[in-house]
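A.B. asks: Structure incoming, see below.
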Amino acid sequence: MPIQDDEPTLEFTTDLRAAFGLLTLTETKDLSERQKGELVYQLPDTGPSFWQAKPSVGWVEVKLALFTHNVHHYGLLMQTVYPGAAVREHAYNQLNEFFIITKGTARAALDGVEAIRPKGSVIVIGRNVWHWWGNAGEGDAQNFAVIDPPGVEGALALTGRLRT
């Protein structure tokens with residue numbers, strides 16, 4: 001690794017850039033707007049938000065979905081569950097969920113195996129896995145969820161009540 005001004009620098013050859021899918025500034029400037037993906041900034045409490053259907057007690061905010069942005073490969077949610085509450089058991093045959101616990105302490109069960117996970121934990125729920133998650137703490141529990149491919153966001157909107 002070359003050193004410049006006492007700092008290591010990375011020099012990517014054309015072959016390395018191609019192998020990792022990296023572009024130079026010049027290459028990005030030469031692209032048309034149609035070739036570029038969407039850049040989205042989503043502030044807190046700005047996405048469509050829904051009270052969840054019973055027996056869940058809490059709400060979900062849709063951060064990114066097919067019906068909110070021009071992004072088609074995944075959906076993003078923030079989900080809050082009140083103390084002692086849980087989302088009903090369910091499974092999906094067409095999508096995966098990736099949760100990051102961002103607040104509180106979560107209880108989760110995947111195919112009947114239960115665990116308690118603190119803030120900062122990651123829970124990956126694959127297709128066809130029977131699961132639920134809930135709040136094991138005294139304050140609100142929250143997760144940031146990546147849904148791949150998107151789809152559950154629309155179901156949450158249809159089964160919940162608009163939260164204003």
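We label chains A, B, ... in the order they appear in the structure tokens, count residues from 1 in each chain, and number ligands from 1 in the order shown.
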Just want the 12 Å neighbourhood of Val146 (chain A), counted on only C-alpha atoms, with same-chain residues fewer than 4 positions away dropped. Output as a list in words.

C.D. replies: Val62, Lys63, Leu64, Ala65, His73, Tyr74, Gly75, Leu76, Leu77, Met78, Gln79, Leu95, Asn96, Glu97, Phe98, Phe99, Ile100, Ile101, Val122, Ile123, Val124, Ile125, Gly126, Pro150, Gly151, Val152 and Glu153 of chain A

A.B. asks: Using DSSP on the backbone, list every residue of chain A that comes out as helix (DSSP H, G or I), and give them as a list in words.

C.D. replies: Thr14, Asp15, Leu16, Arg17, Ala18, Ala19, Phe20, Leu25, Thr26, Glu27, Thr28, Lys29, Glu33, Arg34, Gln35, Val152, Glu153, Gly154, Ala155, Leu156, Ala157, Leu158 and Thr159 of chain A

A.B. asks: Could you dump the residues just selected with C-alpha atoms as a PDB file, in the first residue's frame?

C.D. replies:
ATOM      1  CA  THR A  14      -8.817  -0.470 -13.600  1.00  0.00           C
ATOM      2  CA  ASP A  15      -9.106  -4.245 -13.134  1.00  0.00           C
ATOM      3  CA  LEU A  16      -9.635  -3.946  -9.360  1.00  0.00           C
ATOM      4  CA  ARG A  17     -12.231  -1.203  -9.795  1.00  0.00           C
ATOM      5  CA  ALA A  18     -14.074  -3.355 -12.336  1.00  0.00           C
ATOM      6  CA  ALA A  19     -13.919  -6.437 -10.072  1.00  0.00           C
ATOM      7  CA  PHE A  20     -15.443  -4.507  -7.125  1.00  0.00           C
ATOM      8  CA  LEU A  25     -15.781  10.538 -10.104  1.00  0.00           C
ATOM      9  CA  THR A  26     -15.346  11.108 -13.828  1.00  0.00           C
ATOM     10  CA  GLU A  27     -17.199   7.880 -14.635  1.00  0.00           C
ATOM     11  CA  THR A  28     -20.160   8.865 -12.447  1.00  0.00           C
ATOM     12  CA  LYS A  29     -20.323  12.330 -13.992  1.00  0.00           C
ATOM     13  CA  GLU A  33     -29.674  10.448 -14.810  1.00  0.00           C
ATOM     14  CA  ARG A  34     -31.508   7.340 -16.084  1.00  0.00           C
ATOM     15  CA  GLN A  35     -28.430   5.234 -15.292  1.00  0.00           C
ATOM     16  CA  VAL A 152     -44.599  -6.785   3.545  1.00  0.00           C
ATOM     17  CA  GLU A 153     -44.773  -2.969   3.732  1.00  0.00           C
ATOM     18  CA  GLY A 154     -47.974  -2.959   1.708  1.00  0.00           C
ATOM     19  CA  ALA A 155     -49.548  -5.651   3.912  1.00  0.00           C
ATOM     20  CA  LEU A 156     -48.719  -3.621   7.014  1.00  0.00           C
ATOM     21  CA  ALA A 157     -50.357  -0.581   5.442  1.00  0.00           C
ATOM     22  CA  LEU A 158     -53.475  -2.597   4.514  1.00  0.00           C
ATOM     23  CA  THR A 159     -53.902  -4.309   7.885  1.00  0.00           C
TER      24      THR A 159
END

A.B. asks: Here is a test: counting only C-alpha atoms, which residue of A:Pro44, A:Pro83, A:Gly120, A:Gly37 is nearest to Gly134 (chain A)?

C.D. replies: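 Closest to Gly134 (chain A) of all the choices is A:Pro83.
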
A.B. asks: Using only C-alpha atoms, find the one residue out of A:Thr13, A:Thr46, A:Asn70, A:Asn128 that sits nearest to Tyr92 (chain A).

C.D. replies: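 For Tyr92 (chain A), the nearest of the candidates is A:Asn128.
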
A.B. asks: Excluding Glu138 (chain A) and its own-chain neighbours fewer than 2 positions away, which residues fall within 12 Å of it when counting only C-alpha atoms? Please give them as a JSON list (two decimals) with N, CA and C atoms, in the first residue's frame.

C.D. replies:
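To be explicit, this is the file written out as selection10.json:
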[["chain", "number", "residue", "atom", "x", "y", "z"],
["A", 81, "VAL", "N", -42.55, -1.67, 19.22],
["A", 81, "VAL", "CA", -43.45, -2.54, 19.97],
["A", 81, "VAL", "C", -43.39, -2.10, 21.43],
["A", 82, "TYR", "N", -44.55, -1.95, 22.04],
["A", 82, "TYR", "CA", -44.65, -1.49, 23.43],
["A", 82, "TYR", "C", -44.24, -2.59, 24.41],
["A", 83, "PRO", "N", -43.90, -2.22, 25.64],
["A", 83, "PRO", "CA", -43.47, -3.21, 26.64],
["A", 83, "PRO", "C", -44.47, -4.36, 26.80],
["A", 84, "GLY", "N", -43.94, -5.57, 26.80],
["A", 84, "GLY", "CA", -44.76, -6.76, 26.98],
["A", 84, "GLY", "C", -45.50, -7.22, 25.74],
["A", 85, "ALA", "N", -45.47, -6.45, 24.67],
["A", 85, "ALA", "CA", -46.21, -6.79, 23.45],
["A", 85, "ALA", "C", -45.33, -7.56, 22.48],
["A", 103, "LYS", "N", -33.51, -0.05, 19.64],
["A", 103, "LYS", "CA", -33.95, 0.51, 20.92],
["A", 103, "LYS", "C", -34.51, -0.62, 21.77],
["A", 104, "GLY", "N", -34.17, -0.65, 23.04],
["A", 104, "GLY", "CA", -34.75, -1.62, 23.96],
["A", 104, "GLY", "C", -34.17, -3.00, 23.84],
["A", 105, "THR", "N", -34.93, -3.96, 24.32],
["A", 105, "THR", "CA", -34.52, -5.36, 24.32],
["A", 105, "THR", "C", -35.61, -6.18, 23.65],
["A", 106, "ALA", "N", -35.22, -7.00, 22.71],
["A", 106, "ALA", "CA", -36.18, -7.78, 21.94],
["A", 106, "ALA", "C", -36.18, -9.24, 22.39],
["A", 134, "GLY", "N", -40.87, -9.63, 19.92],
["A", 134, "GLY", "CA", -41.60, -8.82, 20.89],
["A", 134, "GLY", "C", -40.65, -8.03, 21.77],
["A", 135, "ASN", "N", -41.23, -7.37, 22.73],
["A", 135, "ASN", "CA", -40.49, -6.48, 23.62],
["A", 135, "ASN", "C", -40.29, -7.15, 24.97],
["A", 136, "ALA", "N", -39.04, -7.37, 25.35],
["A", 136, "ALA", "CA", -38.70, -7.99, 26.62],
["A", 136, "ALA", "C", -38.35, -6.96, 27.69],
["A", 140, "ASP", "N", -40.09, 1.08, 25.24],
["A", 140, "ASP", "CA", -40.37, 0.64, 23.87],
["A", 140, "ASP", "C", -39.18, -0.12, 23.29],
["A", 141, "ALA", "N", -39.46, -1.12, 22.46],
["A", 141, "ALA", "CA", -38.43, -1.81, 21.67],
["A", 141, "ALA", "C", -38.65, -1.41, 20.21]]

A.B. asks: Just list the residues in region 24-145 of chain A DSSP gives strand (DSSP E) on the backbone, as a PyMOL selection string.

C.D. replies: chain A and resi 49-51+58-64+75-81+96-103+105-110+113-118+122-125+131-135+141-145

A.B. asks: Applying 6 Å and only C-alpha atoms, which residues near Trp133 (chain A) remain after dropping the ones on its own chain fewer than 5 positions away? List them as a short mmCIF file (atom, residue, chain, number, x, y, z; two decimals) with C-alpha atoms, in the first residue's frame.

C.D. replies:
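Wrote part-v1.cif, looks like this:
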data_model
loop_
_atom_site.label_atom_id
_atom_site.label_comp_id
_atom_site.auth_asym_id
_atom_site.auth_seq_id
_atom_site.Cartn_x
_atom_site.Cartn_y
_atom_site.Cartn_z
CA ALA A 86 -45.26 -8.98 20.51
CA VAL A 87 -45.94 -9.37 16.82
CA ARG A 107 -37.51 -11.30 22.42
CA ALA A 108 -37.58 -13.30 19.25
#

A.B. asks: Which value, in Å to one decimal, gives the distance between CA of Thr80 (chain A) and CA of Ala115 (chain A)?

C.D. replies: 18.4 Å

A.B. asks: In Å, rounded to a single decimal, give me how far CA of Arg161 (chain A) is from CA of Trp132 (chain A).

C.D. replies: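 That distance, rounded to one decimal, is 20.6 Å.
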
A.B. asks: Between A:Ile116, A:Ile147, A:Leu22, A:Ala53, which has the minimum distance to Leu66 (chain A) (counting only C-alpha atoms)?

C.D. replies: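 Smallest distance to Leu66 (chain A) is found for A:Ile147.
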